[in-house]
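Below: the structure, in structure tokens.
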Amino acid sequence: MTLIAFPEPATLPRGAEQSRYARALSVLSALWLLLFFASLFSPPVLDDADGTHANAARQMALSGDYVTLRVNNVRYLEKAPLPYWIAAASFRLFGFNTFATHLPQALAVLLLMLLGYRWAREAFGERAALYTGLGILTSAGVFLFTRVFIPDVLLSLLLATALYCFLNSLNPATKPGASHLDPEMWASSSRRSARSAAYPYAMWTALALAVLTKGLVALVFILGTAIVYLALTGDYRNWRRLKPFTGSLLFLAIAAPWHILAGLRNTGGMNGHGFFWFYFINEHVLRFLGRRIPMDYNKLPGYLYWSLHLVWLFPWALLFPLLFATKFRTLRRFSLTNYDQSTPIGLLLLAAIVVLSASLFRLRYLAGVLGLTAYFLWKMWRRRKELPSVRAMQLTDLEDHQRTTLILSIFSALVLLFFSLSTNQEYYTFPAYLPLSILLAATLARAEEIYAGAYGEAKSARRWITFAHAAFTTLGVLVAVALSYGLWISRHLAPLPNVGDLLAHRGVGDYTLSMSSLFDLTGPSFAALRLPAALALAAFAIGPMVGWILRARRLHIAATTTIALTSAVFLIAAHIALARFAPMLSSQDFAQRIQQLEATGQISRDNTLLLYGDQAYGSSIPFYLNRPLSRPALLVDGRSSSMLFGSTFPDAQSLFLTPAELLAEWGTGPRKLLFVPINHRDDVDRLLGPRAILIQETAGKALLTDRPLDK
């Protein structure tokens, strides 16, 4: 059977092969240094999730408590601990700063790229490996969603590692026909045998670490993929190679201790609930059902959820038509001659269609889809009755690249469909990025290799590659025109030092979706973005055209690399723009102002910091102030979001004030420093009136005090 037909890679002399391998890794490593390592120093830690997670890791590093996560001395029980263990270690090595916070994210991207390169190289060849690396490093979503301290890139790395080890565990240690009389072949076989023995335990280890990264969803994705894959291929007969008994013991030895200790140490919270209820029921089951407490997450509409993946995987998402056309052509050809083995693929596709319809139409048209599904199942059953000689509905005798194609397709579909039904944020489907990148890279590499052919497959490849490149060029022209217009209309405007003061603050989605702030952009704010706009303009005005010329000359690797470099320049421009938005997205400047006032003696060092509203609005301030744990910030009207459940434990009561209590204490005792986010400015103005003295205002946020500054 054939899922995607790939020719055997050409055999190269060992020295030439190593030289090509070294060059490819050198290019990819340089690109990683440029895009990810160089951006570790700015922008600063942002408010919301970035600052909240950084504070949790900071408190862990200072307290030495590696079991119970805390933010501002309040229990923070909704997250698994591994990302915070790693960040705490980074803080111990490099200090509490922006670089140390985001270094684990950048290293995870590097490892993800290297894993993708190795996997694609083994399954599809050198060209597909290079394109996989380029895809990971220059996809918009990978770059964007690693600007913030979230666990998804680490989860993606561990899940991909588990999948890779799962697939290699099932492969025989010695390839058929290998000659043991050949010393080099014998040595290679021995190394392969040793690796095969280690792969199952590496798989269980990676799976346990994935559970410690983002909870039980890791089990859903890996076990779900494994069950479908084993059922389709018939490899369940080789289940002993997966070491299920000893591997499960290893899994439990790694994953269970933290869960048990966290449950024993955190009891007596809201309504008598402790860690076990909050973490397993509230954060897993109720979150999936959209009933999580508190309800502080939005769900993307189905059409937006699916279409945004064209953005997150840009520019490589333009190859999706080529991928789908290739898969459809292969499945159609295969189903005509291998009905017994194509049946399970059809069933899998039908199941995907049902779930996809449910996510898109919210069950309105699900009855019709179910009826259509029942009709196709009936047709399959009728045809199977006409073929009594057909035995098992399995995909057998697969080659390595076919196994990789199948398992990556199953995993990607499972991740995308799962989060289409669950509550979701834009970055939740990050684990599907590497599998999709490998599939896209392999399809493109194959299409380029047959580009000059005269058969139907080659013509289809030329057509869809031309379509993708034409779409990229057209988008480049449109972006270049839009940026040119923006630069022209802002040519007489002086750029203000704080772009946040020029934003609209529309609050789309109440900022519960991670990309809501994009809707705050206004025309005047463009004047502060001239440099990144000019960079992006140059990239999109030149890159697609150069790539088109190279493609026309059949210099395919150079053309595809040009697309990657165009995207890289655009991402550099996006990073510069993000740094310009730092005063709006981060409150580091408020922390610096407080430290400056303390250093000059204008305020005493025994002042009390208060955050109005949810701590996430100003979470970067406690991080950069880095005060002792005995001096946490007080939270005014802050029993919400991530602080809600932790606030119900007795040891957190003294940190929370009501607005009335703030008013009563304002002007008494130690100096008060009150941070007010923009969405609470009117509330605080009404509450404190003229008694509030403004110290600093940035992007609508304010720092107030209750008495004049000392001279």
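Following the order of the structure tokens, first chain is A, next is B, and so on, with residues numbered from 1 inside each chain and ligands from 1 in the order they appear.
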Excluding segment 625-630 of chain A and its own-chain neighbours fewer than 5 positions away, which residues fall within 10 Å of it when counting only C-alpha atoms? Please give them as a list in words. Asn55, Arg58, Gln59, Leu62, Ser63, Asn72, Asn73, Phe96, Asn97, Gln588, Phe590, Ala591, Gln592, Ile594, Gln595 and Ser620 of chain A
Go ahead and write the residues just picked, N, CA and C atoms, as an mmCIF file, in the first residue's frame.
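This is the output file out_32.cif:
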```cif
data_model
loop_
_atom_site.group_PDB
_atom_site.id
_atom_site.type_symbol
_atom_site.label_atom_id
_atom_site.label_comp_id
_atom_site.auth_asym_id
_atom_site.auth_seq_id
_atom_site.Cartn_x
_atom_site.Cartn_y
_atom_site.Cartn_z
ATOM 1 N N ASN A 55 6.172 34.699 38.025
ATOM 2 C CA ASN A 55 6.091 34.857 39.479
ATOM 3 C C ASN A 55 5.978 33.518 40.187
ATOM 4 N N ARG A 58 9.413 32.133 40.154
ATOM 5 C CA ARG A 58 10.258 32.920 41.068
ATOM 6 C C ARG A 58 10.012 32.515 42.508
ATOM 7 N N GLN A 59 8.732 32.378 42.894
ATOM 8 C CA GLN A 59 8.428 31.998 44.271
ATOM 9 C C GLN A 59 8.924 30.579 44.555
ATOM 10 N N LEU A 62 12.646 30.835 45.211
ATOM 11 C CA LEU A 62 12.975 31.479 46.480
ATOM 12 C C LEU A 62 12.559 30.650 47.684
ATOM 13 N N SER A 63 11.433 29.970 47.582
ATOM 14 C CA SER A 63 10.896 29.246 48.734
ATOM 15 C C SER A 63 11.459 27.835 48.859
ATOM 16 N N ASN A 72 2.315 35.185 44.367
ATOM 17 C CA ASN A 72 2.067 36.212 45.385
ATOM 18 C C ASN A 72 1.610 35.576 46.705
ATOM 19 N N ASN A 73 2.200 34.438 47.052
ATOM 20 C CA ASN A 73 1.900 33.684 48.280
ATOM 21 C C ASN A 73 0.522 33.041 48.280
ATOM 22 N N PHE A 96 16.750 36.717 38.270
ATOM 23 C CA PHE A 96 15.343 36.980 37.954
ATOM 24 C C PHE A 96 15.268 38.093 36.916
ATOM 25 N N ASN A 97 15.268 37.708 35.657
ATOM 26 C CA ASN A 97 15.278 38.686 34.574
ATOM 27 C C ASN A 97 14.567 38.116 33.362
ATOM 28 N N GLN A 588 6.770 46.761 33.465
ATOM 29 C CA GLN A 588 8.125 46.833 33.995
ATOM 30 C C GLN A 588 8.514 48.259 34.358
ATOM 31 N N PHE A 590 6.771 50.570 35.609
ATOM 32 C CA PHE A 590 6.257 50.941 36.930
ATOM 33 C C PHE A 590 7.164 50.396 38.029
ATOM 34 N N ALA A 591 7.639 49.174 37.859
ATOM 35 C CA ALA A 591 8.571 48.611 38.836
ATOM 36 C C ALA A 591 9.859 49.421 38.869
ATOM 37 N N GLN A 592 10.347 49.823 37.693
ATOM 38 C CA GLN A 592 11.559 50.630 37.652
ATOM 39 C C GLN A 592 11.347 51.988 38.320
ATOM 40 N N ILE A 594 9.266 52.639 40.798
ATOM 41 C CA ILE A 594 9.241 52.406 42.250
ATOM 42 C C ILE A 594 10.665 52.243 42.776
ATOM 43 N N GLN A 595 11.491 51.474 42.081
ATOM 44 C CA GLN A 595 12.871 51.273 42.520
ATOM 45 C C GLN A 595 13.657 52.580 42.474
ATOM 46 N N SER A 620 3.728 41.711 36.085
ATOM 47 C CA SER A 620 5.161 41.923 35.868
ATOM 48 C C SER A 620 5.785 42.809 36.940
#
```
In segment 481-666 of chain A, DSSP strand (DSSP E) residues written as a ChimeraX atom specification: /A:608-612,634-636,656-657
Since we have the selection now, will you write its residues out, keeping N, CA and C atoms, as a tab-separated table (two decimals), in the first residue's frame?
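Below is the file that was written, again24.tsv:
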```
chain	number	residue	atom	x	y	z
A	608	THR	N	3.97	49.67	50.92
A	608	THR	CA	3.10	48.53	50.63
A	608	THR	C	2.59	48.64	49.20
A	609	LEU	N	2.83	47.60	48.40
A	609	LEU	CA	2.35	47.57	47.02
A	609	LEU	C	0.97	46.93	46.99
A	610	LEU	N	0.05	47.57	46.27
A	610	LEU	CA	-1.29	47.03	46.07
A	610	LEU	C	-1.59	46.98	44.57
A	611	LEU	N	-2.23	45.91	44.15
A	611	LEU	CA	-2.68	45.76	42.77
A	611	LEU	C	-4.19	45.75	42.76
A	612	TYR	N	-4.78	46.63	41.95
A	612	TYR	CA	-6.24	46.71	41.90
A	612	TYR	C	-6.75	45.77	40.82
A	634	LEU	N	-0.61	43.32	48.06
A	634	LEU	CA	-2.00	43.14	48.46
A	634	LEU	C	-2.88	43.29	47.22
A	635	LEU	N	-3.95	42.53	47.19
A	635	LEU	CA	-4.83	42.50	46.02
A	635	LEU	C	-6.18	43.09	46.39
A	636	VAL	N	-6.55	44.17	45.72
A	636	VAL	CA	-7.81	44.85	45.98
A	636	VAL	C	-8.84	44.38	44.96
A	656	PHE	N	-6.09	39.88	50.65
A	656	PHE	CA	-7.18	40.38	49.82
A	656	PHE	C	-7.95	41.47	50.55
A	657	LEU	N	-8.14	42.60	49.84
A	657	LEU	CA	-8.90	43.72	50.39
A	657	LEU	C	-10.10	44.01	49.50
```
A:Arg707, A:Leu550, A:Tyr199, A:Thr443: which is nearest Leu242 of chain A, counting only C-alpha atoms?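 Of A:Arg707, A:Leu550, A:Tyr199, A:Thr443, the one nearest Leu242 of chain A is A:Tyr199, counting only C-alpha atoms.
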Residue with smallest distance to Tyr305 of chain A - pool A:Phe418, A:Phe411, A:Ile576, A:Phe288, counting only C-alpha atoms: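 Nearest candidate to Tyr305 of chain A out of A:Phe418, A:Phe411, A:Ile576, A:Phe288: A:Phe418.
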Taking only segment 30-112 of chain A into account, list the residues labelled alpha helix (DSSP H) by DSSP (computed from the backbone), as a VMD selection string. chain A and resid 30 to 32 49 to 63 82 to 94 98 to 112
Grab the residues selected above and save them as a short mmCIF file (atom, residue, chain, number, x, y, z; two decimals), in the first residue's frame with N, CA and C atoms.
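Result file follows (result.cif):
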```
data_model
loop_
_atom_site.label_atom_id
_atom_site.label_comp_id
_atom_site.auth_asym_id
_atom_site.auth_seq_id
_atom_site.Cartn_x
_atom_site.Cartn_y
_atom_site.Cartn_z
N ALA A 30 21.84 28.86 12.91
CA ALA A 30 22.01 30.31 12.77
C ALA A 30 20.66 31.01 12.74
N LEU A 31 19.70 30.40 12.08
CA LEU A 31 18.36 30.99 12.03
C LEU A 31 17.73 31.01 13.42
N TRP A 32 17.94 29.93 14.20
CA TRP A 32 17.42 29.90 15.58
C TRP A 32 18.07 30.99 16.42
N ALA A 49 -0.45 36.14 31.56
CA ALA A 49 0.11 34.80 31.76
C ALA A 49 1.62 34.83 31.91
N ASP A 50 2.30 35.66 31.15
CA ASP A 50 3.76 35.71 31.19
C ASP A 50 4.25 36.06 32.60
N GLY A 51 3.74 37.15 33.15
CA GLY A 51 4.16 37.57 34.48
C GLY A 51 3.67 36.64 35.57
N THR A 52 2.44 36.13 35.42
CA THR A 52 1.90 35.21 36.43
C THR A 52 2.76 33.95 36.53
N HIS A 53 3.11 33.36 35.40
CA HIS A 53 3.91 32.14 35.40
C HIS A 53 5.34 32.41 35.86
N ALA A 54 5.88 33.58 35.48
CA ALA A 54 7.22 33.94 35.95
C ALA A 54 7.23 34.11 37.47
N ASN A 55 6.17 34.70 38.03
CA ASN A 55 6.09 34.86 39.48
C ASN A 55 5.98 33.52 40.19
N ALA A 56 5.24 32.56 39.59
CA ALA A 56 5.13 31.24 40.18
C ALA A 56 6.50 30.56 40.24
N ALA A 57 7.27 30.66 39.15
CA ALA A 57 8.61 30.07 39.14
C ALA A 57 9.55 30.81 40.08
N ARG A 58 9.41 32.13 40.15
CA ARG A 58 10.26 32.92 41.07
C ARG A 58 10.01 32.51 42.51
N GLN A 59 8.73 32.38 42.89
CA GLN A 59 8.43 32.00 44.27
C GLN A 59 8.92 30.58 44.55
N MET A 60 8.84 29.71 43.57
CA MET A 60 9.35 28.35 43.75
C MET A 60 10.85 28.37 44.00
N ALA A 61 11.58 29.19 43.22
CA ALA A 61 13.03 29.26 43.38
C ALA A 61 13.42 29.85 44.72
N LEU A 62 12.65 30.84 45.21
CA LEU A 62 12.98 31.48 46.48
C LEU A 62 12.56 30.65 47.68
N SER A 63 11.43 29.97 47.58
CA SER A 63 10.90 29.25 48.73
C SER A 63 11.46 27.83 48.86
N LEU A 82 6.25 21.01 35.73
CA LEU A 82 7.53 20.89 35.05
C LEU A 82 8.04 22.20 34.45
N PRO A 83 7.21 22.99 33.74
CA PRO A 83 7.74 24.25 33.20
C PRO A 83 8.27 25.18 34.29
N TYR A 84 7.66 25.14 35.47
CA TYR A 84 8.08 26.02 36.57
C TYR A 84 9.35 25.49 37.23
N TRP A 85 9.51 24.17 37.28
CA TRP A 85 10.77 23.62 37.76
C TRP A 85 11.93 24.07 36.86
N ILE A 86 11.71 24.00 35.56
CA ILE A 86 12.76 24.39 34.62
C ILE A 86 13.05 25.90 34.73
N ALA A 87 12.00 26.72 34.81
CA ALA A 87 12.20 28.17 34.93
C ALA A 87 12.87 28.52 36.25
N ALA A 88 12.50 27.82 37.33
CA ALA A 88 13.15 28.08 38.62
C ALA A 88 14.64 27.77 38.55
N ALA A 89 14.99 26.69 37.86
CA ALA A 89 16.42 26.37 37.67
C ALA A 89 17.11 27.46 36.85
N SER A 90 16.42 27.97 35.83
CA SER A 90 16.98 29.06 35.03
C SER A 90 17.21 30.30 35.88
N PHE A 91 16.27 30.61 36.78
CA PHE A 91 16.42 31.77 37.67
C PHE A 91 17.61 31.58 38.61
N ARG A 92 17.79 30.37 39.10
CA ARG A 92 18.91 30.12 40.00
C ARG A 92 20.25 30.31 39.29
N LEU A 93 20.27 30.04 37.99
CA LEU A 93 21.50 30.16 37.21
C LEU A 93 21.75 31.59 36.73
N PHE A 94 20.70 32.27 36.28
CA PHE A 94 20.87 33.54 35.58
C PHE A 94 20.22 34.73 36.28
N THR A 98 14.45 38.95 32.34
CA THR A 98 13.73 38.56 31.13
C THR A 98 14.40 37.38 30.43
N PHE A 99 15.72 37.42 30.34
CA PHE A 99 16.46 36.37 29.65
C PHE A 99 16.20 35.01 30.30
N ALA A 100 16.32 34.94 31.60
CA ALA A 100 16.14 33.66 32.30
C ALA A 100 14.70 33.16 32.19
N THR A 101 13.73 34.07 32.11
CA THR A 101 12.33 33.67 32.01
C THR A 101 12.04 32.95 30.70
N HIS A 102 12.56 33.48 29.61
CA HIS A 102 12.19 32.96 28.29
C HIS A 102 13.23 32.02 27.68
N LEU A 103 14.37 31.83 28.35
CA LEU A 103 15.38 30.91 27.82
C LEU A 103 14.84 29.49 27.65
N PRO A 104 14.10 28.93 28.62
CA PRO A 104 13.57 27.57 28.40
C PRO A 104 12.68 27.47 27.16
N GLN A 105 11.92 28.52 26.87
CA GLN A 105 11.07 28.50 25.68
C GLN A 105 11.92 28.40 24.41
N ALA A 106 12.97 29.22 24.34
CA ALA A 106 13.82 29.22 23.15
C ALA A 106 14.54 27.88 22.99
N LEU A 107 15.01 27.30 24.09
CA LEU A 107 15.68 26.01 24.01
C LEU A 107 14.71 24.91 23.58
N ALA A 108 13.46 25.00 24.03
CA ALA A 108 12.45 24.01 23.61
C ALA A 108 12.21 24.10 22.11
N VAL A 109 12.20 25.31 21.56
CA VAL A 109 12.04 25.46 20.10
C VAL A 109 13.22 24.83 19.38
N LEU A 110 14.43 25.05 19.89
CA LEU A 110 15.62 24.45 19.27
C LEU A 110 15.52 22.93 19.27
N LEU A 111 15.15 22.35 20.39
CA LEU A 111 15.04 20.89 20.48
C LEU A 111 13.90 20.38 19.60
N LEU A 112 12.81 21.14 19.52
CA LEU A 112 11.69 20.74 18.66
C LEU A 112 12.12 20.72 17.21
#
```
One residue among A:Ala461, A:Leu704, A:Ala564, A:Ile695 is nearest to Leu674 of chain A when using only C-alpha atoms, and that residue is A:Leu704
Looking at A:Leu157, A:Ile410, A:Leu565, A:Ala253, which one is nearest to Leu232 of chain A, with distances taken over only C-alpha atoms?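 Of all the options, A:Ile410 lies closest to Leu232 of chain A.
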If we count only C-alpha atoms, what is near Asn271 of chain A at a cut-off of 12 Å, once residues fewer than 5 positions away on the same chain are taken out, given as a PDB file with C-alpha atoms, in the first residue's frame?
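Below is the file around33.pdb, written as the result:
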```
ATOM      1  CA  TRP A 277     -10.930  18.133  42.723  1.00  0.00           C
ATOM      2  CA  PHE A 278      -9.603  21.439  41.429  1.00  0.00           C
ATOM      3  CA  PHE A 645      -9.540  29.110  44.303  1.00  0.00           C
ATOM      4  CA  THR A 648     -10.293  30.317  49.749  1.00  0.00           C
ATOM      5  CA  PHE A 649      -7.437  28.756  51.731  1.00  0.00           C
TER       6      PHE A 649
END
```
